[in-house]
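Everything below belongs to input_18.txt, which stores compact mmCIF, C-alpha atoms and all ligand atoms.
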# COMPACT_ATOMS: atom_id res chain seq x y z
CA MET A 21 -4.41 -49.57 47.03
CA ILE A 22 -7.67 -48.31 48.52
CA ASN A 23 -9.24 -50.55 51.16
CA ILE A 24 -12.90 -49.68 51.52
CA LYS A 25 -12.99 -51.10 55.05
CA ASN A 26 -10.93 -48.09 56.19
CA TYR A 27 -13.83 -45.73 55.58
CA ASP A 28 -16.84 -44.96 57.71
CA SER A 29 -19.95 -46.33 55.99
CA ASN A 30 -21.83 -43.04 56.50
CA LEU A 31 -19.07 -41.20 54.65
CA LEU A 32 -19.22 -43.70 51.78
CA LYS A 33 -22.99 -43.31 51.49
CA GLU A 34 -22.70 -39.53 51.66
CA LEU A 35 -20.15 -39.49 48.83
CA LEU A 36 -22.45 -41.56 46.62
CA TYR A 37 -25.50 -39.50 47.54
CA LYS A 38 -23.81 -36.20 46.71
CA MET A 39 -22.65 -37.46 43.32
CA ILE A 40 -26.15 -38.65 42.46
CA LEU A 41 -27.62 -35.33 43.60
CA ILE A 42 -25.31 -33.41 41.26
CA ARG A 43 -26.14 -35.73 38.35
CA ARG A 44 -29.92 -35.50 38.84
CA PHE A 45 -29.82 -31.74 39.44
CA GLU A 46 -27.96 -31.21 36.19
CA GLU A 47 -30.19 -33.55 34.21
CA LYS A 48 -33.16 -31.52 35.39
CA ALA A 49 -31.37 -28.28 34.50
CA ALA A 50 -30.55 -29.62 31.03
CA GLN A 51 -34.19 -30.48 30.52
CA ALA A 52 -35.29 -26.98 31.58
CA TYR A 53 -32.67 -25.48 29.28
CA GLY A 54 -34.07 -27.52 26.38
CA LEU A 55 -37.51 -26.10 27.19
CA LYS A 56 -35.97 -22.60 27.12
CA LYS A 57 -36.80 -22.01 30.77
CA ILE A 58 -33.11 -21.35 31.40
CA GLY A 59 -31.25 -18.87 29.23
CA GLY A 60 -27.58 -17.99 28.72
CA PHE A 61 -24.92 -20.64 29.09
CA LEU A 62 -25.14 -23.98 30.87
CA HIS A 63 -21.91 -25.92 31.35
CA LEU A 64 -22.67 -29.37 32.72
CA TYR A 65 -20.35 -31.24 35.09
CA ILE A 66 -21.78 -34.69 34.28
CA GLY A 67 -18.97 -37.27 34.45
CA GLU A 68 -16.79 -35.14 36.72
CA GLU A 69 -18.80 -35.48 39.95
CA ALA A 70 -16.16 -37.50 41.80
CA VAL A 71 -13.76 -34.55 41.78
CA ALA A 72 -15.94 -31.97 43.54
CA VAL A 73 -17.52 -34.52 45.88
CA GLY A 74 -14.30 -36.35 46.77
CA SER A 75 -12.42 -33.15 47.54
CA ILE A 76 -15.06 -30.88 49.10
CA SER A 77 -16.22 -33.67 51.43
CA ASN A 78 -13.02 -33.00 53.39
CA LEU A 79 -14.06 -29.43 54.18
CA ASP A 80 -15.80 -27.68 57.02
CA MET A 81 -17.56 -24.91 55.13
CA THR A 82 -17.85 -22.76 58.24
CA LYS A 83 -14.11 -22.12 58.06
CA ASP A 84 -12.92 -23.45 54.69
CA TYR A 85 -13.54 -21.95 51.24
CA VAL A 86 -14.22 -23.03 47.67
CA ALA A 87 -13.59 -21.10 44.46
CA ALA A 88 -14.59 -22.61 41.11
CA ALA A 89 -14.84 -21.78 37.42
CA TYR A 90 -18.05 -21.54 35.38
CA ARG A 91 -18.65 -25.32 35.46
CA ASP A 92 -19.70 -24.84 39.05
CA HIS A 93 -22.98 -26.64 39.79
CA GLY A 94 -21.24 -29.70 41.25
CA HIS A 95 -18.96 -27.69 43.52
CA ALA A 96 -21.83 -25.58 44.83
CA LEU A 97 -23.97 -28.62 45.65
CA ALA A 98 -21.03 -30.45 47.21
CA ALA A 99 -20.33 -27.35 49.31
CA GLY A 100 -23.88 -27.50 50.67
CA LEU A 101 -25.59 -24.66 48.83
CA ASP A 102 -29.35 -25.02 48.65
CA PRO A 103 -30.49 -26.79 45.43
CA ASN A 104 -33.57 -24.53 45.28
CA SER A 105 -31.50 -21.34 45.28
CA LEU A 106 -29.13 -22.83 42.69
CA MET A 107 -31.92 -23.86 40.32
CA ALA A 108 -33.57 -20.46 40.79
CA GLU A 109 -30.25 -18.86 39.86
CA LEU A 110 -30.23 -20.87 36.62
CA TYR A 111 -33.74 -19.63 35.92
CA GLY A 112 -32.67 -16.01 36.57
CA LYS A 113 -35.02 -15.61 39.52
CA ILE A 114 -34.62 -13.28 42.52
CA THR A 115 -34.55 -16.30 44.89
CA GLY A 116 -31.33 -17.48 43.23
CA CYS A 117 -28.05 -17.48 45.16
CA SER A 118 -26.88 -14.47 43.10
CA LYS A 119 -30.37 -12.95 42.91
CA GLY A 120 -30.78 -14.31 39.40
CA LYS A 121 -28.14 -11.95 38.05
CA GLY A 122 -25.28 -14.41 37.73
CA GLY A 123 -26.81 -17.50 36.18
CA SER A 124 -25.09 -20.84 35.73
CA MET A 125 -21.56 -19.43 35.58
CA HIS A 126 -21.81 -17.26 38.68
CA PHE A 127 -23.07 -19.22 41.62
CA PHE A 128 -21.93 -17.39 44.74
CA ASP A 129 -22.60 -17.44 48.47
CA TYR A 130 -20.47 -15.29 50.72
CA GLU A 131 -22.02 -16.67 53.92
CA LYS A 132 -21.40 -20.25 52.86
CA HIS A 133 -17.83 -19.49 51.76
CA PHE A 134 -18.54 -20.28 48.11
CA PHE A 135 -16.66 -17.81 45.93
CA GLY A 136 -17.99 -18.68 42.50
CA GLY A 137 -18.68 -19.42 39.74
CA ASN A 138 -16.30 -17.34 37.54
CA GLY A 139 -16.87 -16.85 33.81
CA ILE A 140 -13.36 -15.67 32.99
CA VAL A 141 -11.04 -18.63 32.51
CA GLY A 142 -8.55 -18.64 35.40
CA ALA A 143 -10.09 -15.64 37.22
CA GLN A 144 -10.85 -17.64 40.35
CA ILE A 145 -7.21 -18.61 40.86
CA PRO A 146 -6.03 -15.19 42.14
CA VAL A 147 -9.32 -14.86 44.07
CA ALA A 148 -8.62 -18.14 45.89
CA THR A 149 -5.05 -17.05 46.52
CA GLY A 150 -6.36 -13.83 48.06
CA ILE A 151 -8.67 -15.81 50.34
CA GLY A 152 -5.66 -17.90 51.36
CA LEU A 153 -3.83 -14.68 52.25
CA LYS A 154 -6.80 -13.53 54.33
CA ILE A 155 -6.87 -16.85 56.24
CA LYS A 156 -3.14 -16.64 56.94
CA TYR A 157 -3.20 -12.93 57.85
CA ASN A 158 -6.06 -13.41 60.31
CA GLU A 159 -4.49 -16.62 61.66
CA GLU A 160 -7.67 -18.57 60.89
CA ASP A 161 -7.83 -22.33 60.77
CA GLY A 162 -9.03 -22.81 57.21
CA VAL A 163 -8.07 -23.89 53.73
CA VAL A 164 -9.14 -22.91 50.22
CA LEU A 165 -9.86 -25.41 47.46
CA CYS A 166 -9.44 -23.74 44.08
CA TYR A 167 -10.74 -25.49 40.95
CA PHE A 168 -9.86 -24.77 37.33
CA GLY A 169 -9.73 -26.64 34.04
CA ASP A 170 -6.81 -27.81 31.94
CA GLY A 171 -7.57 -24.82 29.69
CA ALA A 172 -6.76 -22.44 32.55
CA ILE A 173 -3.43 -23.93 33.51
CA HIS A 174 -1.50 -21.99 30.88
CA GLN A 175 -2.96 -18.67 32.00
CA GLY A 176 -0.67 -16.18 33.71
CA SER A 177 -3.12 -16.06 36.62
CA PHE A 178 -2.26 -19.69 37.48
CA HIS A 179 1.51 -19.17 37.46
CA GLU A 180 1.46 -15.82 39.25
CA SER A 181 -0.88 -17.19 41.90
CA LEU A 182 1.15 -20.31 42.64
CA ASN A 183 4.29 -18.26 42.91
CA LEU A 184 2.69 -15.85 45.39
CA ALA A 185 1.05 -18.69 47.30
CA LYS A 186 4.44 -20.31 47.87
CA ILE A 187 6.25 -17.09 48.75
CA TRP A 188 3.59 -16.39 51.36
CA ASN A 189 3.00 -20.07 52.21
CA LEU A 190 -0.76 -19.85 51.88
CA PRO A 191 -3.23 -22.62 52.79
CA VAL A 192 -4.51 -23.22 49.26
CA VAL A 193 -4.98 -26.49 47.38
CA TYR A 194 -5.07 -25.83 43.63
CA ILE A 195 -7.06 -28.51 41.83
CA CYS A 196 -6.78 -28.82 38.06
CA GLU A 197 -9.78 -30.70 36.73
CA ASN A 198 -8.35 -32.13 33.56
CA ASN A 199 -11.45 -33.23 31.65
CA HIS A 200 -9.32 -33.52 28.50
CA TYR A 201 -10.80 -30.54 26.65
CA GLY A 202 -10.76 -26.78 26.83
CA MET A 203 -13.93 -26.10 24.81
CA GLY A 204 -13.09 -28.18 21.70
CA THR A 205 -9.32 -28.36 22.11
CA ASP A 206 -7.68 -31.57 23.27
CA PHE A 207 -5.30 -30.54 26.05
CA ARG A 208 -2.46 -32.51 24.40
CA ARG A 209 -2.55 -30.14 21.40
CA VAL A 210 -1.81 -27.09 23.52
CA SER A 211 0.22 -28.43 26.44
CA ALA A 212 3.94 -29.12 26.45
CA ILE A 213 3.42 -31.73 29.17
CA ASP A 214 0.60 -34.11 29.96
CA ASP A 215 1.11 -34.47 33.71
CA PHE A 216 0.20 -31.08 35.11
CA SER A 217 0.98 -32.04 38.68
CA ILE A 218 4.70 -31.69 37.91
CA MET A 219 4.15 -27.95 37.49
CA ALA A 220 4.09 -27.80 41.29
CA GLU A 221 7.87 -28.28 41.27
CA SER A 222 8.35 -24.93 39.53
CA TYR A 223 6.85 -23.29 42.59
CA ALA A 224 8.55 -25.45 45.24
CA MET A 225 5.36 -27.14 46.27
CA LYS A 226 4.09 -30.70 46.13
CA GLY A 227 1.96 -32.00 43.30
CA LYS A 228 0.03 -35.18 42.63
CA GLN A 229 -1.97 -36.62 39.77
CA VAL A 230 -5.08 -38.58 40.74
CA ASN A 231 -7.80 -40.55 39.01
CA GLY A 232 -10.67 -38.07 39.03
CA MET A 233 -13.19 -40.81 38.22
CA ASP A 234 -12.52 -42.42 41.60
CA VAL A 235 -14.16 -40.51 44.43
CA LEU A 236 -12.12 -42.22 47.16
CA GLU A 237 -8.81 -41.55 45.43
CA VAL A 238 -9.76 -37.88 45.18
CA TYR A 239 -10.94 -37.85 48.80
CA ASP A 240 -7.68 -39.31 50.12
CA ALA A 241 -5.40 -37.15 47.97
CA THR A 242 -7.25 -33.99 48.97
CA LYS A 243 -7.12 -34.90 52.65
CA GLU A 244 -3.35 -35.22 52.41
CA ALA A 245 -3.06 -32.03 50.33
CA ILE A 246 -5.10 -30.08 52.89
CA GLU A 247 -2.80 -31.20 55.71
CA VAL A 248 0.23 -30.03 53.77
CA ALA A 249 -1.43 -26.73 52.80
CA LYS A 250 -2.50 -26.02 56.37
CA SER A 251 0.96 -26.72 57.66
CA GLY A 252 2.40 -24.07 55.38
CA THR A 253 2.96 -25.25 51.80
CA PRO A 254 0.34 -24.87 49.08
CA TYR A 255 -0.40 -27.96 46.98
CA LEU A 256 -1.31 -28.75 43.37
CA LEU A 257 -3.54 -31.68 42.50
CA GLU A 258 -4.40 -32.74 39.00
CA ALA A 259 -7.56 -34.83 38.76
CA LYS A 260 -7.84 -36.73 35.48
CA THR A 261 -11.52 -36.74 34.64
CA TYR A 262 -13.86 -36.57 31.66
CA ARG A 263 -16.97 -34.63 30.82
CA PHE A 264 -19.68 -36.74 29.24
CA LYS A 265 -21.53 -33.76 27.74
CA GLY A 266 -20.43 -30.96 25.42
CA HIS A 267 -18.49 -27.94 26.64
CA SER A 268 -21.84 -26.20 27.09
CA MET A 269 -25.34 -27.09 25.98
CA SER A 270 -24.68 -25.66 22.51
CA ASP A 271 -21.66 -27.89 21.80
CA PRO A 272 -22.27 -31.01 19.67
CA GLY A 273 -18.77 -32.27 20.61
CA LYS A 274 -17.56 -33.19 17.11
CA TYR A 275 -13.91 -32.99 18.15
CA ARG A 276 -13.97 -36.36 19.93
CA THR A 277 -14.90 -39.85 18.81
CA LYS A 278 -17.92 -41.80 19.98
CA GLU A 279 -15.56 -44.59 20.98
CA GLU A 280 -13.61 -42.28 23.32
CA LEU A 281 -16.81 -41.06 24.95
CA GLU A 282 -18.06 -44.63 25.37
CA LEU A 283 -14.77 -45.71 26.90
CA TYR A 284 -15.06 -43.06 29.61
CA LYS A 285 -18.74 -43.76 30.18
CA GLN A 286 -17.67 -47.27 31.16
CA LYS A 287 -15.78 -45.57 33.98
CA ASP A 288 -18.79 -43.54 35.16
CA PRO A 289 -17.81 -42.43 38.70
CA ILE A 290 -21.32 -42.95 40.06
CA VAL A 291 -21.92 -46.39 38.59
CA SER A 292 -18.51 -47.71 39.54
CA PHE A 293 -18.74 -46.38 43.12
CA LYS A 294 -22.27 -47.74 43.52
CA GLU A 295 -21.05 -51.16 42.37
CA LEU A 296 -18.14 -51.01 44.79
CA LEU A 297 -20.47 -50.20 47.70
CA ILE A 298 -22.86 -52.99 46.78
CA GLU A 299 -20.00 -55.46 46.38
CA HIS A 300 -18.80 -54.62 49.92
CA ASN A 301 -22.30 -54.70 51.43
CA VAL A 302 -22.26 -51.02 52.34
CA ILE A 303 -25.53 -50.52 50.45
CA THR A 304 -28.02 -52.68 48.59
CA GLU A 305 -29.43 -52.06 45.12
CA ASP A 306 -32.65 -50.94 46.86
CA ASP A 307 -30.73 -48.40 48.94
CA TYR A 308 -29.32 -47.00 45.71
CA ILE A 309 -32.77 -46.78 44.14
CA GLU A 310 -34.06 -44.99 47.23
CA MET A 311 -31.15 -42.50 47.17
CA ASP A 312 -31.71 -41.89 43.48
CA LYS A 313 -35.42 -41.24 44.04
CA ARG A 314 -34.61 -38.77 46.81
CA CYS A 315 -32.21 -36.87 44.55
CA LYS A 316 -34.67 -36.83 41.64
CA LYS A 317 -37.29 -35.36 43.96
CA ILE A 318 -34.90 -32.66 45.21
CA ALA A 319 -34.13 -31.72 41.59
CA LYS A 320 -37.79 -31.72 40.62
CA ASP A 321 -38.77 -29.64 43.66
CA ALA A 322 -35.94 -27.21 42.90
CA ALA A 323 -37.27 -26.72 39.37
CA LYS A 324 -40.78 -26.14 40.76
CA PHE A 325 -39.39 -23.62 43.26
CA ALA A 326 -37.50 -21.85 40.47
CA GLU A 327 -40.51 -21.76 38.18
CA GLU A 328 -42.75 -20.33 40.88
CA SER A 329 -40.20 -17.72 42.04
CA PRO A 330 -40.52 -14.11 40.87
CA GLU A 331 -38.21 -12.39 38.39
CA PRO A 332 -35.83 -9.79 39.91
CA ASP A 333 -37.30 -6.30 40.12
CA LEU A 334 -35.93 -3.84 37.56
CA ASN A 335 -34.32 -1.85 40.41
CA GLU A 336 -32.08 -4.86 41.04
CA LEU A 337 -30.10 -3.76 37.99
CA TYR A 338 -28.51 -1.11 40.20
CA THR A 339 -27.83 -3.14 43.35
CA ASP A 340 -24.66 -5.08 44.21
CA LEU A 341 -22.62 -3.01 41.76
CA TYR A 342 -19.05 -1.88 42.31
CA VAL A 343 -18.26 1.15 40.14
C1 LIG A 401 -9.83 -15.31 29.74
C2 LIG A 401 -10.80 -16.12 28.92
N1 LIG A 401 -10.42 -16.55 27.69
C3 LIG A 401 -11.28 -17.29 26.94
C4 LIG A 401 -12.54 -17.58 27.40
C5 LIG A 401 -13.48 -18.44 26.56
N2 LIG A 401 -13.55 -19.78 27.12
C6 LIG A 401 -14.58 -20.14 27.89
S1 LIG A 401 -14.42 -21.69 28.43
C7 LIG A 401 -12.96 -21.93 27.67
C8 LIG A 401 -12.23 -23.25 27.78
C9 LIG A 401 -11.68 -23.52 29.14
O1 LIG A 401 -11.43 -24.88 29.35
P1 LIG A 401 -11.02 -25.51 30.73
O2 LIG A 401 -10.33 -24.47 31.55
O3 LIG A 401 -10.27 -26.75 30.45
O4 LIG A 401 -12.38 -25.81 31.47
P2 LIG A 401 -13.52 -26.86 31.13
O5 LIG A 401 -14.52 -26.12 30.29
O6 LIG A 401 -12.89 -27.99 30.42
O7 LIG A 401 -14.13 -27.25 32.43
C10 LIG A 401 -12.61 -20.79 26.97
C11 LIG A 401 -11.39 -20.67 26.16
C12 LIG A 401 -12.91 -17.09 28.67
N3 LIG A 401 -14.09 -17.34 29.20
N4 LIG A 401 -12.02 -16.38 29.42
Have the structure of the file written as C-alpha cells, please.
Amino acid sequence: MINIKNYDSNLLKELLYKMILIRRFEEKAAQAYGLKKIGGFLHLYIGEEAVAVGSISNLDMTKDYVAAAYRDHGHALAAGLDPNSLMAELYGKITGCSKGKGGSMHFFDYEKHFFGGNGIVGAQIPVATGIGLKIKYNEEDGVVLCYFGDGAIHQGSFHESLNLAKIWNLPVVYICENNHYGMGTDFRRVSAIDDFSIMAESYAMKGKQVNGMDVLEVYDATKEAIEVAKSGTPYLLEAKTYRFKGHSMSDPGKYRTKEELELYKQKDPIVSFKELLIEHNVITEDDYIEMDKRCKKIAKDAAKFAEESPEPDLNELYTDLYV
C-alpha cells in the first residue's frame, strides 16, 4: 500500500506537473494537427502519462538513457527535452529536435540520451539493448529504460533482445506499456497470456505488472527495477494503462465501446493524482490551476515558436544520412 507521506513533496508536485505538461502539449498538438499545421502521423499518449512520468522521474539523463516507440511525446517531455524543439519537430521545422525530418514518430536527442521515437514496431528494443551493452562495456553507471506497446511484445526483436540482455546481464529495464490495443486489435485477441510480466521468467529475469494509471506505483516499481538492472539482471515491467484517444489522429476507435472508454476516463491518472495531493494537503486547488496555466502557456509558446520557425533548407535532404 502506497503511503504518500513517504515521498518528498517536491517530487510529488513534479510528477503532477510533468503529467499536466504532457497532456497540454498534446492537446495543443492535436489542435494544430486539426488545422493541418502538422502533417504525417500523430499518435497521442493522452491517458498514459503516468507511465512515462512515473518511470523516467527516476533517471539522471546525464548518464541514463530512454528509448521509445512512435508514441513518444510523453517520454521526450518527461526526459527533459525542450517543448519548443519538440513542437517544431511536429511542425517539420528546422528547429525541431530531428531538424524537422523525423516528425512525431522520430523524436531524438543524442546529447540528452533520448534514442527515439521509432516508427517500426519493436525496433527500439534491440537499440536499447545495444545501449545497455555500451554502458556495461564502458563500465558506466547508467541504465536504459526501453518502452514498447503490447503490440510489440510478440515481435522477435523483444524475445531476442531479452535473451541477449540476460546472457550479457545488461542494465536495461524493459517496460511494456499495455494500453489494451495494438492499433485496433484488443491485446487479448492476439496474446496467449494476459500478464506479460511473466514473460520475464523465460529469460531468467524478474518481471512485475503495475497499475500504469498510478504514477506512484510506476515510480516505485521502476526504482526497484533499476536497482536490480544496475546490479546485473535486466528487468521486465508491464504497466497496465489505457489510451483515451485513437491509435493516431485518423482513428475513430470503433473497436471499443463508449462504456469502456468512460470507465478508464474515471481513472484519469492526472485527475486522480491531483485529488490525492489535494486530499493530503500537498497542493491546493489553486496550486493545480496555477500549474495547469503554466503548462498551457508552455504549450502555446511552443506552438508559436514552431509556427515562426523556418522550414528545413532543401540541402537538408542530404544531411544526416547513412548510406
Ligand atoms: C514492424 C511493424 N509492423 C507493423 C507496423 C504497423 N503498426 C504501427 S503501430 C502498430 C500497432 C502497435 O501497437 P502497440 O505496440 O501496442 O503500441 P501502441 O500503439 O498501442 O502504443 C502497428 C501494427 C509497424 N509500424 N511496424
Long-range neighbours of His300 of chain A as a ChimeraX atom specification, 9 Å cut-off, only C-alpha atoms, 4 positions minimum in chain: /A:24-25,295-296
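Candidate residues A:Phe61, A:Ser105, A:Tyr27, A:Asn158 were compared for distance to Gly266 of chain A, and the nearest is A:Phe61, using only C-alpha atoms.
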Give me the residues within 8 Å of Ala49 of chain A as a PyMOL selection string, counting all atoms listed in the file and dropping any in the same chain fewer than 6 places off. chain A and resi 58+107+110+323
So, with only C-alpha atoms as the atoms that count, which of A:Leu31, A:Asp170, A:Pro289, A:Gly252 lies closest to Arg208 of chain A? A:Asp170
How would you write, as number ranges by chain, the set of residues no farther than 7 Å from ligand LIG 401 (chain A) when counting all atoms listed in the file? A: 91, 139-142, 168-172, 198-203, 267
Write the selection just made, keeping C-alpha atoms, as a tab-separated table (two decimals), keeping the file's coordinate frame?
chain	number	residue	atom	x	y	z
A	91	ARG	CA	-18.65	-25.32	35.46
A	139	GLY	CA	-16.87	-16.85	33.81
A	140	ILE	CA	-13.36	-15.67	32.99
A	141	VAL	CA	-11.04	-18.63	32.51
A	142	GLY	CA	-8.55	-18.64	35.40
A	168	PHE	CA	-9.86	-24.77	37.33
A	169	GLY	CA	-9.73	-26.64	34.04
A	170	ASP	CA	-6.81	-27.81	31.94
A	171	GLY	CA	-7.57	-24.82	29.69
A	172	ALA	CA	-6.76	-22.44	32.55
A	198	ASN	CA	-8.35	-32.13	33.56
A	199	ASN	CA	-11.45	-33.23	31.65
A	200	HIS	CA	-9.32	-33.52	28.50
A	201	TYR	CA	-10.80	-30.54	26.65
A	202	GLY	CA	-10.76	-26.78	26.83
A	203	MET	CA	-13.93	-26.10	24.81
A	267	HIS	CA	-18.49	-27.94	26.64
Choose the residue, out of A:Thr242, A:Leu236, A:Ile66, A:Tyr167, that has the smallest atom-to-atom separation from Asp28 of chain A; count all atoms listed in the file.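 Going through A:Thr242, A:Leu236, A:Ile66, A:Tyr167 one by one, the smallest distance to Asp28 of chain A is for A:Leu236.
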Straight-line distance linking atom CA of Leu341 of chain A with atom CA of Gly137 of chain A, stated in Å to one decimal: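 About the pair atom CA of Leu341 of chain A and atom CA of Gly137 of chain A: they are 17.0 Å apart.
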Which residue out of A:His126, A:Lys250, A:Lys121, A:His174 has the minimum interatomic distance to Pro191 of chain A when all atoms listed in the file are used? A:Lys250
So which residues are close to (3.5, -26.5, 52.4), meaning at most 12 Å away in the file's coordinates with only C-alpha atoms counted, and can you show them as a ChimeraX atom specification? /A:163,182,185-193,220,223-227,244-256
Compile the contact shell of Ala99 of chain A as a PyMOL selection string: residues with an atom at most 10 Å away, counting only C-alpha atoms, same-chain residues fewer than 4 positions apart removed. chain A and resi 38+72-73+75-77+79-81+84-86+93-95+132-134
Would you please work out which residue, of A:Thr277, A:Ser217, A:Asn104, A:Ser124, is nearest to Tyr90 of chain A when using all atoms listed in the file? A:Ser124
Between A:Phe293, A:Phe216, A:Tyr111, A:Tyr275, which is the closest to Lys324 of chain A once you count all atoms listed in the file? A:Tyr111
Contact residues around Leu62 of chain A with all atoms listed in the file at 8 Å, ignoring same-chain residues under 5 positions, as a short mmCIF file (atom, residue, chain, number, x, y, z; two decimals) with C-alpha atoms, in the frame of the given file:
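Final output, saved to result03.cif:
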data_model
loop_
_atom_site.label_atom_id
_atom_site.label_comp_id
_atom_site.auth_asym_id
_atom_site.auth_seq_id
_atom_site.Cartn_x
_atom_site.Cartn_y
_atom_site.Cartn_z
CA ALA A 50 -30.55 -29.62 31.03
CA TYR A 53 -32.67 -25.48 29.28
CA SER A 124 -25.09 -20.84 35.73
CA MET A 125 -21.56 -19.43 35.58
CA SER A 268 -21.84 -26.20 27.09
CA MET A 269 -25.34 -27.09 25.98
#
Show which residues sit within 9 Å of Arg44 of chain A, as a PyMOL selection string. Count only C-alpha atoms, and ignore same-chain residues fewer than 2 positions away. chain A and resi 39-42+46-49+312+315-320
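Take atom CA of Asp215 of chain A and atom CA of Ile151 of chain A: the distance between them is 26.8 Å.
Atom CA of Glu69 of chain A is positioned 7.5 Å from atom CA of Arg43 of chain A.
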